[in-house]
Structures are given as structure tokens and as C-alpha cells.
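K.L.:
What follows is coords_21.cif, mmCIF, C-alpha atoms.
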data_model
#
loop_
_atom_site.group_PDB
_atom_site.id
_atom_site.type_symbol
_atom_site.label_atom_id
_atom_site.label_comp_id
_atom_site.auth_asym_id
_atom_site.auth_seq_id
_atom_site.Cartn_x
_atom_site.Cartn_y
_atom_site.Cartn_z
ATOM 1 C CA MET A 288 36.650 95.140 55.047
ATOM 2 C CA SER A 289 38.260 91.968 53.692
ATOM 3 C CA GLY A 290 40.712 90.141 55.920
ATOM 4 C CA PHE A 291 42.976 89.674 52.928
ATOM 5 C CA ALA A 292 45.732 92.061 51.924
ATOM 6 C CA ILE A 293 46.070 90.399 48.513
ATOM 7 C CA GLU A 294 43.445 88.608 46.417
ATOM 8 C CA VAL A 295 44.424 86.982 43.131
ATOM 9 C CA GLU A 296 41.910 85.165 40.937
ATOM 10 C CA ASN A 297 42.732 83.195 37.793
ATOM 11 C CA LEU A 298 45.670 85.486 37.003
ATOM 12 C CA VAL A 299 47.215 85.124 33.549
ATOM 13 C CA LYS A 300 50.186 86.921 32.047
ATOM 14 C CA VAL A 301 51.261 86.099 28.502
ATOM 15 C CA TYR A 302 54.372 87.542 26.892
ATOM 16 C CA ALA A 303 54.210 87.693 23.117
ATOM 17 C CA PRO A 304 57.731 88.379 21.794
ATOM 18 C CA ARG A 305 57.799 89.423 18.157
ATOM 19 C CA GLY A 306 58.561 86.483 15.912
ATOM 20 C CA ARG A 307 58.394 83.912 18.723
ATOM 21 C CA GLU A 308 55.772 81.741 20.390
ATOM 22 C CA PRO A 309 53.795 83.399 23.213
ATOM 23 C CA VAL A 310 54.946 82.504 26.735
ATOM 24 C CA ARG A 311 52.394 82.018 29.545
ATOM 25 C CA ALA A 312 54.524 83.235 32.446
ATOM 26 C CA VAL A 313 51.535 83.104 34.814
ATOM 27 C CA ASP A 314 48.841 80.588 33.968
ATOM 28 C CA GLY A 315 45.572 80.771 35.923
ATOM 29 C CA LEU A 316 47.048 81.512 39.362
ATOM 30 C CA SER A 317 44.670 82.080 42.298
ATOM 31 C CA PHE A 318 45.565 82.784 45.928
ATOM 32 C CA GLU A 319 44.850 85.067 48.884
ATOM 33 C CA VAL A 320 47.185 86.505 51.514
ATOM 34 C CA LYS A 321 45.921 87.331 54.988
ATOM 35 C CA ARG A 322 46.775 90.684 56.512
ATOM 36 C CA GLY A 323 49.674 90.738 58.954
ATOM 37 C CA THR A 324 51.309 87.556 57.654
ATOM 38 C CA ILE A 325 54.615 86.712 55.985
ATOM 39 C CA PHE A 326 53.802 84.998 52.703
ATOM 40 C CA GLY A 327 56.381 83.120 50.663
ATOM 41 C CA LEU A 328 56.066 82.802 46.891
ATOM 42 C CA LEU A 329 58.519 80.077 45.891
ATOM 43 C CA GLY A 330 59.498 78.330 42.698
ATOM 44 C CA PRO A 331 62.462 77.608 40.426
ATOM 45 C CA ASN A 332 63.891 80.197 38.047
ATOM 46 C CA GLY A 333 61.320 81.021 35.379
ATOM 47 C CA ALA A 334 58.391 79.797 37.496
ATOM 48 C CA GLY A 335 56.552 83.136 37.252
ATOM 49 C CA LYS A 336 57.363 84.558 40.691
ATOM 50 C CA THR A 337 58.767 87.911 39.606
ATOM 51 C CA THR A 338 56.084 88.328 36.938
ATOM 52 C CA THR A 339 53.402 87.770 39.581
ATOM 53 C CA LEU A 340 55.024 90.343 41.863
ATOM 54 C CA LYS A 341 55.239 92.861 39.025
ATOM 55 C CA VAL A 342 51.528 92.467 38.296
ATOM 56 C CA LEU A 343 50.742 93.016 41.979
ATOM 57 C CA ASN A 344 53.045 96.066 41.982
ATOM 58 C CA THR A 345 51.248 97.483 38.864
ATOM 59 C CA LEU A 346 54.484 97.256 36.857
ATOM 60 C CA LEU A 347 52.857 94.790 34.442
ATOM 61 C CA THR A 348 49.279 94.612 33.177
ATOM 62 C CA PRO A 349 47.750 91.134 33.451
ATOM 63 C CA THR A 350 46.517 89.386 30.316
ATOM 64 C CA GLY A 351 43.579 87.901 32.192
ATOM 65 C CA GLY A 352 42.091 87.372 35.633
ATOM 66 C CA SER A 353 42.174 89.899 38.456
ATOM 67 C CA ALA A 354 44.347 90.980 41.376
ATOM 68 C CA ARG A 355 43.595 93.284 44.302
ATOM 69 C CA VAL A 356 45.929 94.767 46.887
ATOM 70 C CA MET A 357 44.288 96.135 50.047
ATOM 71 C CA GLY A 358 41.013 95.977 48.146
ATOM 72 C CA HIS A 359 42.296 98.019 45.186
ATOM 73 C CA ASP A 360 42.267 96.469 41.714
ATOM 74 C CA VAL A 361 45.731 96.602 40.139
ATOM 75 C CA VAL A 362 44.285 97.630 36.750
ATOM 76 C CA ALA A 363 41.387 99.877 37.775
ATOM 77 C CA ALA A 364 43.109 101.621 40.711
ATOM 78 C CA PRO A 365 46.903 101.428 40.219
ATOM 79 C CA VAL A 366 47.640 104.666 42.120
ATOM 80 C CA ALA A 367 45.794 103.425 45.201
ATOM 81 C CA VAL A 368 47.746 100.163 44.992
ATOM 82 C CA ARG A 369 51.079 101.998 44.789
ATOM 83 C CA ARG A 370 50.215 104.067 47.850
ATOM 84 C CA SER A 371 49.646 100.827 49.759
ATOM 85 C CA ILE A 372 52.902 99.072 48.944
ATOM 86 C CA SER A 373 56.679 99.182 49.294
ATOM 87 C CA VAL A 374 58.693 97.156 46.797
ATOM 88 C CA VAL A 375 62.186 95.682 46.576
ATOM 89 C CA LEU A 376 62.663 93.775 43.311
ATOM 90 C CA GLN A 377 65.880 92.107 42.158
ATOM 91 C CA GLU A 378 66.488 94.861 39.626
ATOM 92 C CA THR A 379 65.146 97.681 41.797
ATOM 93 C CA ALA A 380 67.352 100.725 41.276
ATOM 94 C CA THR A 381 68.436 103.074 43.986
ATOM 95 C CA GLU A 382 69.169 106.671 43.068
ATOM 96 C CA LEU A 383 72.810 106.081 42.182
ATOM 97 C CA PHE A 384 73.859 109.728 42.246
ATOM 98 C CA LEU A 385 72.348 110.401 45.686
ATOM 99 C CA SER A 386 73.997 109.585 48.976
ATOM 100 C CA VAL A 387 72.759 106.723 51.126
ATOM 101 C CA ARG A 388 71.067 109.174 53.487
ATOM 102 C CA ASP A 389 69.424 111.142 50.674
ATOM 103 C CA ASN A 390 68.147 107.930 49.104
ATOM 104 C CA LEU A 391 66.266 107.149 52.313
ATOM 105 C CA LEU A 392 65.002 110.714 52.781
ATOM 106 C CA THR A 393 63.837 110.979 49.158
ATOM 107 C CA PHE A 394 61.947 107.703 49.441
ATOM 108 C CA ALA A 395 60.233 108.916 52.619
ATOM 109 C CA ARG A 396 59.327 112.189 50.899
ATOM 110 C CA PHE A 397 57.521 110.282 48.128
ATOM 111 C CA TYR A 398 55.233 108.865 50.823
ATOM 112 C CA GLY A 399 54.612 112.207 52.496
ATOM 113 C CA ILE A 400 56.652 111.527 55.644
ATOM 114 C CA PRO A 401 57.386 114.836 57.495
ATOM 115 C CA SER A 402 61.030 115.929 57.217
ATOM 116 C CA GLU A 403 61.929 115.706 60.900
ATOM 117 C CA LEU A 404 60.391 112.253 61.259
ATOM 118 C CA ALA A 405 62.142 111.128 58.076
ATOM 119 C CA ARG A 406 65.525 112.274 59.408
ATOM 120 C CA ARG A 407 65.011 110.390 62.669
ATOM 121 C CA ARG A 408 63.942 107.254 60.854
ATOM 122 C CA ALA A 409 66.863 107.491 58.442
ATOM 123 C CA ALA A 410 69.329 107.591 61.332
ATOM 124 C CA GLU A 411 67.656 104.587 62.976
ATOM 125 C CA VAL A 412 67.446 102.581 59.757
ATOM 126 C CA MET A 413 71.059 103.254 58.784
ATOM 127 C CA GLU A 414 72.162 102.058 62.202
ATOM 128 C CA LYS A 415 70.123 98.846 61.864
ATOM 129 C CA PHE A 416 71.503 98.135 58.394
ATOM 130 C CA GLN A 417 75.107 99.054 59.272
ATOM 131 C CA LEU A 418 74.984 101.925 56.796
ATOM 132 C CA THR A 419 75.850 104.844 59.091
ATOM 133 C CA ALA A 420 79.482 104.985 57.972
ATOM 134 C CA GLU A 421 78.324 105.030 54.341
ATOM 135 C CA SER A 422 75.719 107.749 54.934
ATOM 136 C CA PRO A 423 77.428 110.543 52.936
ATOM 137 C CA ASN A 424 78.615 108.282 50.111
ATOM 138 C CA LYS A 425 76.901 108.063 46.742
ATOM 139 C CA VAL A 426 75.191 104.755 46.146
ATOM 140 C CA GLN A 427 77.042 104.359 42.823
ATOM 141 C CA ASP A 428 80.271 104.056 44.825
ATOM 142 C CA LEU A 429 79.017 101.183 46.991
ATOM 143 C CA SER A 430 79.418 97.458 46.449
ATOM 144 C CA GLY A 431 76.463 95.427 45.201
ATOM 145 C CA GLY A 432 75.814 94.095 48.700
ATOM 146 C CA PHE A 433 75.662 97.581 50.227
ATOM 147 C CA ARG A 434 73.395 98.807 47.433
ATOM 148 C CA ARG A 435 71.037 95.956 48.298
ATOM 149 C CA ARG A 436 71.050 97.066 51.928
ATOM 150 C CA VAL A 437 69.965 100.539 50.876
ATOM 151 C CA GLN A 438 67.150 99.085 48.781
ATOM 152 C CA VAL A 439 65.809 96.927 51.604
ATOM 153 C CA ALA A 440 66.315 99.667 54.205
ATOM 154 C CA LYS A 441 63.855 101.891 52.341
ATOM 155 C CA ILE A 442 60.844 99.800 53.323
ATOM 156 C CA PHE A 443 61.521 100.630 56.978
ATOM 157 C CA MET A 444 61.288 104.351 56.230
ATOM 158 C CA VAL A 445 57.547 104.110 55.554
ATOM 159 C CA GLU A 446 54.532 102.286 56.962
ATOM 160 C CA THR A 447 52.788 100.935 53.889
ATOM 161 C CA PRO A 448 50.496 98.016 54.800
ATOM 162 C CA VAL A 449 52.041 95.682 52.186
ATOM 163 C CA VAL A 450 55.712 94.997 51.448
ATOM 164 C CA PHE A 451 57.069 93.017 48.466
ATOM 165 C CA LEU A 452 60.591 91.612 48.737
ATOM 166 C CA ASP A 453 62.296 89.760 45.886
ATOM 167 C CA GLU A 454 65.464 87.990 47.120
ATOM 168 C CA PHE A 455 65.833 90.444 50.011
ATOM 169 C CA SER A 456 69.005 88.945 51.540
ATOM 170 C CA THR A 457 71.238 89.154 48.460
ATOM 171 C CA GLY A 458 74.661 90.442 49.514
ATOM 172 C CA MET A 459 73.942 90.379 53.249
ATOM 173 C CA ASP A 460 76.275 88.681 55.703
ATOM 174 C CA PRO A 461 74.675 86.089 58.040
ATOM 175 C CA ILE A 462 74.523 88.437 61.041
ATOM 176 C CA LEU A 463 72.809 91.249 59.147
ATOM 177 C CA LYS A 464 70.467 88.797 57.425
ATOM 178 C CA ARG A 465 69.410 87.432 60.798
ATOM 179 C CA ALA A 466 68.776 90.961 62.084
ATOM 180 C CA VAL A 467 66.681 91.855 59.024
ATOM 181 C CA MET A 468 64.640 88.664 59.410
ATOM 182 C CA ASP A 469 63.895 89.679 63.000
ATOM 183 C CA LEU A 470 62.830 93.134 61.770
ATOM 184 C CA LEU A 471 60.495 91.582 59.214
ATOM 185 C CA ARG A 472 58.866 89.464 61.919
ATOM 186 C CA GLU A 473 58.338 92.613 63.994
ATOM 187 C CA GLU A 474 56.754 94.383 61.037
ATOM 188 C CA ALA A 475 54.325 91.480 60.536
ATOM 189 C CA LEU A 476 53.403 91.546 64.239
ATOM 190 C CA ARG A 477 52.603 95.251 63.788
ATOM 191 C CA GLY A 478 50.140 94.295 61.052
ATOM 192 C CA ARG A 479 52.145 94.734 57.860
ATOM 193 C CA THR A 480 51.833 92.032 55.218
ATOM 194 C CA ILE A 481 55.164 90.786 53.859
ATOM 195 C CA VAL A 482 55.314 88.982 50.517
ATOM 196 C CA LEU A 483 58.709 87.545 49.698
ATOM 197 C CA THR A 484 60.428 85.378 47.134
ATOM 198 C CA THR A 485 63.725 83.687 47.852
ATOM 199 C CA GLN A 486 65.968 80.982 46.442
ATOM 200 C CA ILE A 487 67.259 80.345 49.983
ATOM 201 C CA LEU A 488 64.583 77.999 51.225
ATOM 202 C CA SER A 489 65.827 78.038 54.816
ATOM 203 C CA GLU A 490 64.812 81.715 54.908
ATOM 204 C CA ALA A 491 61.264 80.844 53.867
ATOM 205 C CA GLU A 492 61.222 77.972 56.343
ATOM 206 C CA GLU A 493 62.104 80.334 59.198
ATOM 207 C CA LEU A 494 60.045 83.333 58.163
ATOM 208 C CA CYS A 495 56.866 82.381 56.335
ATOM 209 C CA ASP A 496 53.464 81.787 57.891
ATOM 210 C CA ASP A 497 52.081 80.664 54.539
ATOM 211 C CA ILE A 498 53.835 79.407 51.400
ATOM 212 C CA LEU A 499 52.773 79.056 47.769
ATOM 213 C CA ILE A 500 55.013 76.992 45.495
ATOM 214 C CA ILE A 501 54.556 77.565 41.766
ATOM 215 C CA ASN A 502 56.096 76.188 38.592
ATOM 216 C CA ARG A 503 55.467 77.211 34.980
ATOM 217 C CA GLY A 504 53.065 79.859 36.252
ATOM 218 C CA ARG A 505 50.789 77.387 38.063
ATOM 219 C CA GLN A 506 50.270 76.369 41.665
ATOM 220 C CA VAL A 507 52.122 73.244 42.730
ATOM 221 C CA ALA A 508 51.438 73.340 46.481
ATOM 222 C CA ARG A 509 50.087 75.724 49.108
ATOM 223 C CA GLY A 510 50.012 75.753 52.900
ATOM 224 C CA ASP A 511 51.950 76.432 56.067
ATOM 225 C CA LEU A 512 55.249 74.686 56.698
ATOM 226 C CA HIS A 513 53.666 71.768 58.569
ATOM 227 C CA ALA A 514 51.134 71.127 55.802
ATOM 228 C CA LEU A 515 53.821 71.216 53.093
ATOM 229 C CA LYS A 516 56.072 68.826 54.983
ATOM 230 C CA LEU A 517 53.258 66.310 55.082
ATOM 231 C CA LEU A 518 53.612 66.156 51.287
ATOM 232 C CA SER A 519 57.040 64.594 51.803
ATOM 233 C CA GLN A 520 56.201 62.022 54.431
ATOM 234 C CA GLY A 521 58.912 59.419 54.638
ATOM 235 C CA VAL A 522 61.706 61.873 53.807
ATOM 236 C CA HIS A 523 64.450 61.986 56.448
ATOM 237 C CA GLU A 524 67.213 64.543 56.943
ATOM 238 C CA ILE A 525 70.368 62.690 57.988
ATOM 239 C CA THR A 526 73.602 64.344 59.149
ATOM 240 C CA ILE A 527 76.725 62.268 59.760
ATOM 241 C CA THR A 528 80.047 63.648 60.989
ATOM 242 C CA PHE A 529 83.017 61.418 60.232
ATOM 243 C CA GLU A 530 86.510 61.625 61.655
ATOM 244 C CA ALA A 531 87.435 62.211 58.003
ATOM 245 C CA ILE A 532 85.247 62.006 54.904
ATOM 246 C CA PRO A 533 85.789 58.460 53.570
ATOM 247 C CA SER A 534 86.546 57.718 49.953
ATOM 248 C CA GLY A 535 83.602 56.338 48.028
ATOM 249 C CA LEU A 536 81.040 58.172 50.182
ATOM 250 C CA GLU A 537 79.287 59.943 47.303
ATOM 251 C CA THR A 538 79.107 56.716 45.314
ATOM 252 C CA GLU A 539 77.531 54.913 48.258
ATOM 253 C CA LEU A 540 75.034 57.743 48.836
ATOM 254 C CA ALA A 541 74.011 57.537 45.176
ATOM 255 C CA ARG A 542 73.545 53.772 45.516
ATOM 256 C CA LEU A 543 71.322 54.295 48.574
ATOM 257 C CA GLY A 544 69.182 56.795 46.620
ATOM 258 C CA ALA A 545 70.014 59.995 48.509
ATOM 259 C CA LEU A 546 67.762 62.819 47.256
ATOM 260 C CA ARG A 547 70.362 65.521 47.750
ATOM 261 C CA VAL A 548 73.816 65.632 49.292
ATOM 262 C CA HIS A 549 75.875 68.390 50.894
ATOM 263 C CA ILE A 550 79.392 67.677 52.148
ATOM 264 C CA GLN A 551 81.314 70.246 54.186
ATOM 265 C CA GLN A 552 84.633 69.446 55.803
ATOM 266 C CA ASN A 553 84.043 66.126 57.618
ATOM 267 C CA THR A 554 80.222 66.304 57.711
ATOM 268 C CA VAL A 555 77.717 65.039 55.168
ATOM 269 C CA GLU A 556 74.063 66.101 55.116
ATOM 270 C CA PHE A 557 71.635 64.264 52.877
ATOM 271 C CA ALA A 558 67.954 63.494 52.449
ATOM 272 C CA TRP A 559 66.673 59.968 52.036
ATOM 273 C CA LYS A 560 63.149 58.732 51.435
ATOM 274 C CA GLY A 561 62.045 55.414 52.863
ATOM 275 C CA GLU A 562 60.589 53.611 55.851
ATOM 276 C CA GLU A 563 61.627 55.031 59.222
ATOM 277 C CA SER A 564 62.580 51.534 60.335
ATOM 278 C CA LEU A 565 65.268 51.423 57.617
ATOM 279 C CA VAL A 566 67.008 54.700 58.518
ATOM 280 C CA LEU A 567 69.313 53.039 61.061
ATOM 281 C CA ALA A 568 70.267 50.384 58.508
ATOM 282 C CA ARG A 569 71.232 53.084 55.991
ATOM 283 C CA VAL A 570 73.330 54.925 58.589
ATOM 284 C CA THR A 571 74.998 51.637 59.560
ATOM 285 C CA GLU A 572 75.954 50.977 55.934
ATOM 286 C CA LEU A 573 77.584 54.403 55.680
ATOM 287 C CA ALA A 574 79.341 53.950 59.026
ATOM 288 C CA LYS A 575 81.231 50.999 57.547
ATOM 289 C CA LEU A 576 83.096 53.489 55.328
ATOM 290 C CA GLY A 577 84.776 55.391 58.168
ATOM 291 C CA ARG A 578 84.770 56.283 61.853
ATOM 292 C CA VAL A 579 81.583 58.178 62.771
ATOM 293 C CA LEU A 580 81.658 60.914 65.424
ATOM 294 C CA ARG A 581 78.029 62.076 65.360
ATOM 295 C CA VAL A 582 74.693 61.212 63.752
ATOM 296 C CA GLU A 583 71.506 63.308 63.583
ATOM 297 C CA VAL A 584 68.207 62.283 61.976
ATOM 298 C CA GLY A 585 65.279 64.646 61.416
ATOM 299 C CA GLY A 586 62.193 65.129 59.285
ATOM 300 C CA ALA A 587 61.970 66.650 55.822
ATOM 301 C CA SER A 588 63.045 70.250 55.312
ATOM 302 C CA LEU A 589 61.300 72.730 53.040
ATOM 303 C CA GLU A 590 64.125 72.166 50.559
ATOM 304 C CA ASP A 591 63.288 68.440 50.458
ATOM 305 C CA VAL A 592 59.615 69.237 49.852
ATOM 306 C CA PHE A 593 60.525 71.760 47.151
ATOM 307 C CA ILE A 594 62.822 69.366 45.284
ATOM 308 C CA GLU A 595 60.303 66.541 45.389
ATOM 309 C CA LEU A 596 57.470 68.764 44.148
ATOM 310 C CA MET A 597 59.591 70.177 41.330
ATOM 311 C CA GLN A 598 60.510 66.674 40.212
ATOM 312 C CA LYS A 599 56.846 65.694 40.138
ATOM 313 C CA SER A 600 55.737 68.836 38.307
#
Turn the structure described in the file into C-alpha cells.

P.N.:
Amino acid sequence: MSGFAIEVENLVKVYAPRGREPVRAVDGLSFEVKRGTIFGLLGPNGAGKTTTLKVLNTLLTPTGGSARVMGHDVVAAPVAVRRSISVVLQETATELFLSVRDNLLTFARFYGIPSELARRRAAEVMEKFQLTAESPNKVQDLSGGFRRRVQVAKIFMVETPVVFLDEFSTGMDPILKRAVMDLLREEALRGRTIVLTTQILSEAEELCDDILIINRGRQVARGDLHALKLLSQGVHEITITFEAIPSGLETELARLGALRVHIQQNTVEFAWKGEESLVLARVTELAKLGRVLRVEVGGASLEDVFIELMQKS
């Protein structure tokens, strides 16, 4: 048996809208995902992430190449693939006219889970996702954030070996998101393979064992977090807390060539690429603008790597 849960070889998906030029949403993509890992598929909007997931979920037929999930070809054996996976896509619909509880029970029934076991799991899952109070309510009456909770909660009702999550944390507060991330880690330790896409790169940085970054349907970079950070050697994360944000700070950061800037209250976080020996000089220049309370310097984040790779590609 292969040690890979997912095997993709030279995958191509072309959309051919009537009256318009064909679009190669996925363009010769090849990768493998080991069993029991959390795999991140990252890229900007329109990179081909969701199209790739839909091919792997058998929702789209590839134009060329091949893809296998748990050894089953997505074209030749789509039913076997579907039995092996749980899916949460951005546009995944819950059963709007069913209650929260019945949504979970119906999903479990599709996978042949015995009724008593399904009821126990539903109670446990609703507790974990803070849905117990909403249990009797129809999903159509919930907010978008609570609907998303119901969608993600479903994957914990079953034990499929592969899980696909597209922007799983949408609408979740930080505490719940942290709890769900812990649950996903537990599922991976139990042997499930988690494939996720996210625009929140800190989530991928915390969760993923392996990351593939794509753009325009092609691979840009692949590896674990350490390997990807090596691609941005010389990038430094600098955090400075001022007594009060000085005037002219953003202008000075632009002059120094900051790669990205985030200012919140009296703290500025920015990335800067250059020799390590020059970092102190850059901080000193900024300190001339106002009284500094705290300074932190670290290595490149996944966001820094992502931005640099997108600029190059």
C-alpha cells in the first residue's frame, strides 16, 4: 500500500467559457501528500487552489493528468474516492431547513454511522463547537459564522481517512479557532490526512507539516516551514512599540524598504530584507522618531515568504 494519501501527477484543468479564451486554472501540477499529515495548499486568489480541491473531491473532471486519493483514481473510481473523504469547501451548503443536530445526524447517516453512535458523537461535537444551544434551530436561521461551524463540525462526525478544508476558520472567534486547530492536530495524530487552504497564513504556519504554494495553477514552492523560510534568508521580522506612534513613521518605513507594515495602537510590525548586521541601524533610525518602549527582532514568517514568492512569480 502506498504511503501517500494523495498522488497528483501533471494535473491540468482548463475552463473554456463560451465566447472567451480558455483559462488554465491548473497547469501541470504534481505533488504527493503523506498519510497522517496536515498539508497546506496556499496561493493568492485565483491561483487554482479551489479548482485543485474540487478535482480531488470528484466535483470537477480534470482536463489532463491524473489524481488519486487513497489509491483511488478520481476519474475511474469516483465513488471510492467519495467514501474516503470529508469535504468543507467555501461554498459548501448545509441543509438549511434541518436543525443543527439533524444536519450532523444526516451527515453521519450518509457514511453508515449507527444511530446511537451518531447521537453520541453529535452531542460531543456540538459541545466542542459551541453549538449545543443552537441544536434545535434551523441552520437557515443562523449567522454565517455559525453556519460555518456546522459545516466544519460535520467532519468530526465521521472517520474518513482524508479531510479537505477550504478556509475552515471563516467566522470563528479566536478561542474557537484555536480549539479547532487543536482538534485537527489530534485527528492527524490518529492517522487522518488533512488538506487545507487558508488566506490566514499564520494558521498554515502553526498547523501544516508540509506546504505547497501555487500561483496561476503552477507550483511556486514546496516544503516544510523550515525549508520555505530558507527561501527568504535575510528577511527579518521587526516589532517596535513606541510610547506613541510618531508622525512620519510610514514614510520612513517606505524609505527603508519595509516589505510589509502593520500598525496597531502604538506598535508597528514590519518585515525588512537585508544584512543582519544592519538591522540594529534600521531600528536606531526609527527610534529617532519617538520614544521606544520595546523592540523584537525575529526571522521571516510564512507571510514574508509568501509575499516574496508571489512578487517573483

K.L.:
What is the distance between atom CA of A:Phe529 and atom CA of A:Leu567, in Å to one decimal?

P.N.:
16.1 Å

K.L.:
Output the residue selection produced by the PyMOL selection byres ((chain A and resi 392) around 9) on the file above, formatted as a PyMOL selection string.

P.N.:
chain A and resi 387-391+393-397+400+402+405-406+408-409+441+444

K.L.:
Once the PyMOL selection byres ((chain A and resi 342-346) around 12) has been applied to the shown file, what residues remain in the selection, as a ChimeraX atom specification?

P.N.:
/A:292-296,298-301,312-313,316,335-341,347-376,379,449-453,482

K.L.:
Using Å and a single decimal, report how far atom CA of A:Glu524 sits from atom CA of A:Phe557.

P.N.:
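Result for atom CA of A:Phe557 versus atom CA of A:Glu524: 6.0 Å, one decimal.
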
K.L.:
Env of A:Gln551: 12 Å cut, atoms = all atoms listed in the file, seq-sep filter 2 positions within chain, self excluded. Answer as a ChimeraX atom specification.

P.N.:
/A:526-529,531-532,548-549,553-557

K.L.:
Would you list the contacts of A:Arg542 as a tab-separated table (two decimals) with C-alpha atoms, in the coordinates of the input, taking every protein, DNA or RNA residue within 12 Å and counting only C-alpha atoms, but skipping same-chain residues closer than 3 positions in sequence?

P.N.:
chain	number	residue	atom	x	y	z
A	535	GLY	CA	83.60	56.34	48.03
A	536	LEU	CA	81.04	58.17	50.18
A	537	GLU	CA	79.29	59.94	47.30
A	538	THR	CA	79.11	56.72	45.31
A	539	GLU	CA	77.53	54.91	48.26
A	545	ALA	CA	70.01	60.00	48.51
A	546	LEU	CA	67.76	62.82	47.26
A	559	TRP	CA	66.67	59.97	52.04
A	569	ARG	CA	71.23	53.08	55.99
A	572	GLU	CA	75.95	50.98	55.93
A	573	LEU	CA	77.58	54.40	55.68

K.L.:
Between atom CA of A:Thr419 and atom CA of A:Gly399, measure the distance and give it in Å to one decimal.

P.N.:
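Taking atom CA of A:Thr419 and atom CA of A:Gly399, their separation equals 23.4 Å.
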
K.L.:
Given 3 Å on each side, where is the centre and what are the edge lengths in Å to one decimal of the axis-aligned box enclosing the listed atoms of stretch 423-435 of chain A, as lines of an AutoDock Vina configuration file?

P.N.:
center_x = 75.7
center_y = 102.3
center_z = 47.9
size_x = 15.2
size_y = 22.4
size_z = 16.1

K.L.:
Please identify every residue of stretch 290-409 of chain A that has at least one atom no farther than 6 Å from an atom of stretch 459-480 of chain A, counting only C-alpha atoms, and for each give the shortest atom pair and the distance in Å to one decimal, arranged by chain then increasing number, as a Markdown table.

P.N.:
| residue | atom | partner | partner_atom | distance |
| --- | --- | --- | --- | --- |
| A:Arg322 | CA | A:Thr480 | CA | 5.4 |
| A:Gly323 | CA | A:Gly478 | CA | 4.2 |
| A:Thr324 | CA | A:Thr480 | CA | 5.1 |

K.L.:
Go through A:Val439, A:Val522, A:Leu329, A:Leu418 and flag the residue nearest A:Ser588, using all atoms listed in the file for the distances.

P.N.:
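Result for the nearest residue to A:Ser588: A:Val522.
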
K.L.:
Got a sec to resolve the PyMOL selection byres ((chain A and resi 561) around 9) on this structure and send the residues as a PDB file with C-alpha atoms, in the frame of the given file?

P.N.:
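Output file result-v4.pdb follows:
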ATOM      1  CA  GLN A 520      56.201  62.022  54.431  1.00  0.00           C
ATOM      2  CA  GLY A 521      58.912  59.419  54.638  1.00  0.00           C
ATOM      3  CA  VAL A 522      61.706  61.873  53.807  1.00  0.00           C
ATOM      4  CA  HIS A 523      64.450  61.986  56.448  1.00  0.00           C
ATOM      5  CA  TRP A 559      66.673  59.968  52.036  1.00  0.00           C
ATOM      6  CA  LYS A 560      63.149  58.732  51.435  1.00  0.00           C
ATOM      7  CA  GLU A 562      60.589  53.611  55.851  1.00  0.00           C
ATOM      8  CA  GLU A 563      61.627  55.031  59.222  1.00  0.00           C
ATOM      9  CA  SER A 564      62.580  51.534  60.335  1.00  0.00           C
ATOM     10  CA  LEU A 565      65.268  51.423  57.617  1.00  0.00           C
ATOM     11  CA  VAL A 566      67.008  54.700  58.518  1.00  0.00           C
TER      12      VAL A 566
END

K.L.:
Return the single residue from A:Phe318, A:Gln486, A:Gly290, A:Gly510 that is closest to A:Gly333, with distances computed using all atoms listed in the file.

P.N.:
A:Gln486

K.L.:
I want to know what sits within 8 Å of A:Thr485, based on only C-alpha atoms, with residues of the same chain fewer than 5 positions away left out; could you give that as a list of chain:residue names?

P.N.:
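Answer for this query is A:Gly327, A:Leu328, A:Leu329, A:Asp453, A:Glu454, A:Phe455, A:Glu490, A:Ala491.
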
K.L.:
Neighbours of A:Asp511 within 12 Å (all atoms listed in the file; same-chain residues fewer than 5 positions away dropped), as a PyMOL selection string?

P.N.:
chain A and resi 324-328+491-500+516-518+589

K.L.:
Return stretch 509-523 of chain A, completed with N, CA and C atoms, as a CSV table (one decimal), in the frame of the given file.

P.N.:
chain,number,residue,atom,x,y,z
A,509,ARG,N,50.4,74.5,48.3
A,509,ARG,CA,50.1,75.7,49.1
A,509,ARG,C,49.8,75.3,50.5
A,510,GLY,N,50.3,76.0,51.5
A,510,GLY,CA,50.0,75.8,52.9
A,510,GLY,C,51.1,76.3,53.8
A,511,ASP,N,50.9,76.1,55.1
A,511,ASP,CA,52.0,76.4,56.1
A,511,ASP,C,53.0,75.4,56.0
A,512,LEU,N,54.1,75.6,56.8
A,512,LEU,CA,55.2,74.7,56.7
A,512,LEU,C,54.9,73.3,57.1
A,513,HIS,N,54.1,73.1,58.1
A,513,HIS,CA,53.7,71.8,58.6
A,513,HIS,C,52.9,71.0,57.5
A,514,ALA,N,52.0,71.8,56.8
A,514,ALA,CA,51.1,71.1,55.8
A,514,ALA,C,52.0,70.7,54.6
A,515,LEU,N,53.0,71.5,54.2
A,515,LEU,CA,53.8,71.2,53.1
A,515,LEU,C,54.7,70.0,53.4
A,516,LYS,N,55.2,69.9,54.6
A,516,LYS,CA,56.1,68.8,55.0
A,516,LYS,C,55.3,67.5,54.9
A,517,LEU,N,54.0,67.5,55.2
A,517,LEU,CA,53.3,66.3,55.1
A,517,LEU,C,53.3,65.7,53.7
A,518,LEU,N,53.5,66.6,52.7
A,518,LEU,CA,53.6,66.2,51.3
A,518,LEU,C,54.8,65.3,51.0
A,519,SER,N,55.8,65.4,51.9
A,519,SER,CA,57.0,64.6,51.8
A,519,SER,C,57.2,63.6,53.0
A,520,GLN,N,56.1,63.0,53.4
A,520,GLN,CA,56.2,62.0,54.4
A,520,GLN,C,57.1,60.9,54.0
A,521,GLY,N,57.9,60.5,54.9
A,521,GLY,CA,58.9,59.4,54.6
A,521,GLY,C,60.3,59.9,54.2
A,522,VAL,N,60.4,61.3,54.1
A,522,VAL,CA,61.7,61.9,53.8
A,522,VAL,C,62.4,62.2,55.1
A,523,HIS,N,63.7,61.8,55.2
A,523,HIS,CA,64.4,62.0,56.4
A,523,HIS,C,65.7,62.8,56.1
